[in-house]
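Let me begin by presenting the structure, written as structure tokens, before commenting on it.
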Amino acid sequence: MKNENVVLETADTYVKIIDKVCDMCGKPMLLLLTEEQQAQYDEYLTGLVYGRRELIQNVLLDFDKFEREFVKTGYCPCCQEKIFQAKFKGKAHKWIALDEETVPPEKYAEFYESVHESANAKLKAGECFDFEQLVVSFLENETWKQKLSVDEKASYLYLIGVESFRLSGDGHVSMLDEESCD
Ligand SMILES: [Zn+2]
């Protein structure tokens with residue numbers, strides 16, 4: 001997200017992406033979660049399912065107030081600044097506005113096609129492979145590694161629906177669990 005209050009360096013590693021469309025401005029937003037946050041988020045969702053009435057700040061301990069509000073209402077940081085007259089401060093790559101600026105459609109289509117070409121070739125050759133792992137290997141290969149920003153990589157993981165990944169703040173992507181073919 002382009003904002004002067006975003007801290008550029010981050011050593012965090014993200015393992016989950018949650019998405020909401022902001023009710024105020026209609027922008028699709030992604031929020032990347034660390035492993036600790038993911039566990040808390042899962043606990044929060046379970047709480048909702050079982051109707052527990054625990055305060056959100058007691059469950060989402062590692063979320064700042066902008067992140068908690070986003071989980072609760074889906075308001076993006078820009079709109080939250082306006083609604084609550086609060087100053088947004090966030091880490092780089094944590095928030096991603098899913099728009100054509102962040103994810104140029106042609107570039108994404110090119111990536112998507114090359115992954116699918118490779119998948120089709122493997123299928124034809126009767127080769128066993130894991131699709132998520134294939135996507136991750138493309139994000140890390142010589143061609144794409146340098147071409148894609150961290151935000152683009154996160155958006156691609158989200159758009160393709162890769163669920164088991166690790167994305168570090170320096171843009172390195174790996175699988176959460178390596179799948180093997182037997
Ligand atoms: Zn908004």
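Please note that chains go A, B, ... in the order of the structure tokens, that every chain numbers its residues from 1, and that ligands are numbered from 1 in the order shown.
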
Return as number ranges by chain the residues of protein, DNA or RNA that approach ligand 1 to within 10 Å, with only C-alpha atoms and all ligand atoms taken into account.
A: 20-29, 70, 74-83, 97

N, CA and C atoms of the current selection, written as an mmCIF file, in the first residue's frame:
```
data_model
loop_
_atom_site.group_PDB
_atom_site.id
_atom_site.type_symbol
_atom_site.label_atom_id
_atom_site.label_comp_id
_atom_site.auth_asym_id
_atom_site.auth_seq_id
_atom_site.Cartn_x
_atom_site.Cartn_y
_atom_site.Cartn_z
ATOM 1 N N LYS A 20 -10.926 -8.806 2.152
ATOM 2 C CA LYS A 20 -12.215 -8.149 2.377
ATOM 3 C C LYS A 20 -12.383 -7.066 1.328
ATOM 4 N N VAL A 21 -13.631 -6.780 1.014
ATOM 5 C CA VAL A 21 -13.909 -5.622 0.172
ATOM 6 C C VAL A 21 -14.410 -4.538 1.103
ATOM 7 N N CYS A 22 -13.720 -3.402 1.103
ATOM 8 C CA CYS A 22 -14.072 -2.325 2.027
ATOM 9 C C CYS A 22 -15.489 -1.820 1.744
ATOM 10 N N ASP A 23 -16.284 -1.765 2.801
ATOM 11 C CA ASP A 23 -17.674 -1.328 2.691
ATOM 12 C C ASP A 23 -17.806 0.139 2.320
ATOM 13 N N MET A 24 -16.803 0.917 2.691
ATOM 14 C CA MET A 24 -16.842 2.363 2.457
ATOM 15 C C MET A 24 -16.443 2.723 1.039
ATOM 16 N N CYS A 25 -15.259 2.239 0.611
ATOM 17 C CA CYS A 25 -14.725 2.684 -0.683
ATOM 18 C C CYS A 25 -14.828 1.604 -1.755
ATOM 19 N N GLY A 26 -15.191 0.393 -1.348
ATOM 20 C CA GLY A 26 -15.376 -0.678 -2.315
ATOM 21 C C GLY A 26 -14.098 -1.303 -2.835
ATOM 22 N N LYS A 27 -12.957 -0.956 -2.208
ATOM 23 C CA LYS A 27 -11.688 -1.512 -2.671
ATOM 24 C C LYS A 27 -11.438 -2.893 -2.072
ATOM 25 N N PRO A 28 -11.003 -3.847 -2.916
ATOM 26 C CA PRO A 28 -10.611 -5.136 -2.369
ATOM 27 C C PRO A 28 -9.247 -5.012 -1.687
ATOM 28 N N MET A 29 -9.176 -5.475 -0.448
ATOM 29 C CA MET A 29 -7.931 -5.381 0.318
ATOM 30 C C MET A 29 -7.505 -6.748 0.802
ATOM 31 N N PHE A 70 -10.225 -4.272 10.620
ATOM 32 C CA PHE A 70 -10.376 -4.864 9.289
ATOM 33 C C PHE A 70 -11.019 -6.251 9.397
ATOM 34 N N GLY A 74 -14.050 -4.963 7.983
ATOM 35 C CA GLY A 74 -13.589 -4.947 6.602
ATOM 36 C C GLY A 74 -13.201 -3.577 6.083
ATOM 37 N N TYR A 75 -13.233 -2.560 6.956
ATOM 38 C CA TYR A 75 -12.827 -1.221 6.501
ATOM 39 C C TYR A 75 -11.324 -1.207 6.229
ATOM 40 N N CYS A 76 -10.956 -0.650 5.083
ATOM 41 C CA CYS A 76 -9.537 -0.575 4.732
ATOM 42 C C CYS A 76 -8.860 0.515 5.572
ATOM 43 N N PRO A 77 -7.524 0.495 5.674
ATOM 44 C CA PRO A 77 -6.825 1.480 6.503
ATOM 45 C C PRO A 77 -7.148 2.928 6.125
ATOM 46 N N CYS A 78 -7.245 3.221 4.822
ATOM 47 C CA CYS A 78 -7.535 4.609 4.405
ATOM 48 C C CYS A 78 -8.877 5.082 4.953
ATOM 49 N N CYS A 79 -9.891 4.231 4.827
ATOM 50 C CA CYS A 79 -11.211 4.614 5.334
ATOM 51 C C CYS A 79 -11.223 4.665 6.849
ATOM 52 N N GLN A 80 -10.485 3.767 7.485
ATOM 53 C CA GLN A 80 -10.409 3.804 8.956
ATOM 54 C C GLN A 80 -9.803 5.117 9.429
ATOM 55 N N GLU A 81 -8.801 5.606 8.699
ATOM 56 C CA GLU A 81 -8.201 6.895 9.059
ATOM 57 C C GLU A 81 -9.268 7.983 9.080
ATOM 58 N N LYS A 82 -10.149 7.919 8.062
ATOM 59 C CA LYS A 82 -11.201 8.936 7.970
ATOM 60 C C LYS A 82 -12.264 8.753 9.053
ATOM 61 N N ILE A 83 -12.705 7.501 9.231
ATOM 62 C CA ILE A 83 -13.782 7.242 10.196
ATOM 63 C C ILE A 83 -13.340 7.548 11.625
ATOM 64 N N ALA A 97 -3.531 -3.493 -1.531
ATOM 65 C CA ALA A 97 -4.746 -3.117 -2.258
ATOM 66 C C ALA A 97 -4.724 -3.885 -3.573
#
```

Please report, as a count of residues only, each residue of range 65-164 of chain A to which DSSP assigns helix (DSSP H, G or I) when run on this structure's backbone.
62

Exercise for the section: With a distance cut-off of 7 Å and only C-alpha atoms, select the neighbouring residues of Met175 in chain A, excluding the residue or stretch itself and same-chain residues fewer than 2 positions from it, and output the selection as a ChimeraX atom specification. Expected result: /A:133,136,164-166,177-178

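Minimum distance to Glu163 in chain A across A:Glu67, A:His93, A:Gly51, A:Ile17 (counting only C-alpha atoms) occurs at A:Ile17.
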
Atom-to-atom span, CA of Asp62 in chain A and CA of Glu101 in chain A, Å =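 We find that CA of Asp62 in chain A and CA of Glu101 in chain A lie 29.3 Å from each other.
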
Note to self: Just to confirm, what's the straight-line distance from CA of Leu30 in chain A to CA of Lys107 in chain A in Å (one decimal)?
What the structure shows: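 Taking CA of Leu30 in chain A and CA of Lys107 in chain A, their separation equals 19.2 Å.
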
Between CA of Glu140 in chain A and CA of Leu176 in chain A, what is the distance, to one decimal in Å?
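The value is 14.5 Å.
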
- [ ] Check the DSSP output for the backbone and give back, as a PyMOL selection string, the residues of range 26-169 of chain A in strand (DSSP E or B).
- [x] chain A and resi 28-34+90-91+95-97+165-168

request  = Write out as a ChimeraX atom specification the residues lying within 10 Å of Leu61 in chain A, counting only C-alpha atoms and excluding same-chain residues fewer than 6 positions away.
outcome  = /A:36-37,40-41,68

- Task: Point out the residue among A:Ala119, A:Leu139, A:Leu134, A:Val59 with the least atom-to-atom distance to Gln38 in chain A, counting only C-alpha atoms.
- Result: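 The answer is A:Val59, which sits nearest to Gln38 in chain A.
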
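Compared by their closest atoms to Lys94 in chain A, and using only C-alpha atoms, the residues A:Leu167, A:Leu45, A:Leu32, A:Val15 rank with A:Leu32 nearest.
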
Any idea what's packed within 8 Å of Asp151 in chain A, counting only C-alpha atoms, ignoring anything in its chain fewer than 3 positions away? Could you give it as an mmCIF file with C-alpha atoms, in the first residue's frame?
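Listing of out-v8.cif after writing:
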```cif
data_model
loop_
_atom_site.group_PDB
_atom_site.id
_atom_site.type_symbol
_atom_site.label_atom_id
_atom_site.label_comp_id
_atom_site.auth_asym_id
_atom_site.auth_seq_id
_atom_site.Cartn_x
_atom_site.Cartn_y
_atom_site.Cartn_z
ATOM 1 C CA HIS A 93 3.601 -5.939 2.499
ATOM 2 C CA ILE A 96 -2.179 -4.975 -0.210
ATOM 3 C CA THR A 102 -0.450 -3.631 -7.723
ATOM 4 C CA LEU A 148 7.745 -9.621 -9.180
ATOM 5 C CA ALA A 154 1.403 -12.265 -2.289
ATOM 6 C CA SER A 155 -1.386 -11.274 -4.685
#
```

Determine, counting only C-alpha atoms, which protein, DNA and RNA residues have an atom within 10 Å of an atom of Ile160 in chain A; residues of the same chain fewer than 3 positions away are not included. Present the result as a ChimeraX atom specification.
-> /A:112,132,135,155-157,163

Using only C-alpha atoms: which of A:Trp95, A:Lys87, A:Leu60, A:Phe138 has the shortest distance to Ser118 in chain A: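 Comparing A:Trp95, A:Lys87, A:Leu60, A:Phe138 against Ser118 in chain A, the winner is A:Phe138.
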